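S.K.: First, the structure itself, so that you have it in front of you.
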Amino acid sequence: MRERLIQFMAGRNGNDALNRFLVVVEIVLLVLSLLLGGRISALLYPLFLILLVLTYYRMFSRNLYKRQIENAKYWELRSRVLGNFRLLKERWVQRKDYRFFCCPSCHAALRVPRGRGKIKIVCRKCGTSFVRKS
């Protein structure tokens, strides 16, 4: 039976990162639909079914090129969103040792050590210099 499944899935997209994300969204929609009930349930449950059909369509699709492009766009969007949170986390971890400033001309993020008094900060990106207390 396992070999037949492997033969069936040969040349198909299978499960990728976008499908896993869609499954999580489907589970959330299903739980919300069951918990909330009423009119909201009437909206969420069909959306759940549409996403379920889309997930299976992507999983069994033989058009690997289009599915890879969709998955790459998902990864790009995910890295953009999570990249902002990663930057905030790094700043939070380094807050005791460093101060963070924004360049007045190009708005680049600049990091300087704390406790140095008034210092001249030079932007590495555009070369603008300004004085701030660290």
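Convention: chains lettered A, B, ... in structure tokens order; per-chain residue numbering from 1; ligands numbered from 1 as shown.
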For Val131 of chain A, find every residue with an atom within 8 Å (counting only C-alpha atoms), except residues of its own chain fewer than 5 positions away, and show them as JSON, numbers by chain.
M.R.: {"A": [118, 119, 120, 121]}
S.K.: Contacts of Leu110 of chain A at 6 Å or less, counting only C-alpha atoms, minus same-chain residues fewer than 6 places along, as a PDB file with N, CA, C and O atoms, in the first residue's frame?
M.R.:
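Everything below was put into selection_12.pdb:
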```pdb
ATOM      1  N   PHE A 100      20.039  52.630  20.251  1.00  0.00           N
ATOM      2  CA  PHE A 100      19.727  52.586  18.832  1.00  0.00           C
ATOM      3  C   PHE A 100      19.197  53.942  18.398  1.00  0.00           C
ATOM      4  O   PHE A 100      18.347  54.535  19.064  1.00  0.00           O
ATOM      5  N   PHE A 101      19.734  54.429  17.285  1.00  0.00           N
ATOM      6  CA  PHE A 101      19.318  55.702  16.726  1.00  0.00           C
ATOM      7  C   PHE A 101      18.946  55.513  15.267  1.00  0.00           C
ATOM      8  O   PHE A 101      19.363  54.556  14.622  1.00  0.00           O
ATOM      9  N   CYS A 102      18.198  56.465  14.758  1.00  0.00           N
ATOM     10  CA  CYS A 102      17.806  56.474  13.358  1.00  0.00           C
ATOM     11  C   CYS A 102      18.519  57.644  12.683  1.00  0.00           C
ATOM     12  O   CYS A 102      18.498  58.765  13.199  1.00  0.00           O
TER      13      CYS A 102
END
```
S.K.: Could you pull out the strand (DSSP E) residues of segment 1-133 of chain A from DSSP and send them as a PyMOL selection string?
M.R.: chain A and resi 98-102+109-113+118-122+129-133
S.K.: Could you work out how far atom CA of Leu32 of chain A lies from atom CA of Leu44 of chain A, giving the answer in Å with one decimal?
M.R.: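 Taking atom CA of Leu44 of chain A as the start and atom CA of Leu32 of chain A as the end point, the length is 7.6 Å.
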S.K.: I need the residues in segment 3-127 of chain A that are alpha helix (DSSP H) according to DSSP; give them as a PyMOL selection string.
M.R.: chain A and resi 3-9+17-36+38-60+64-93
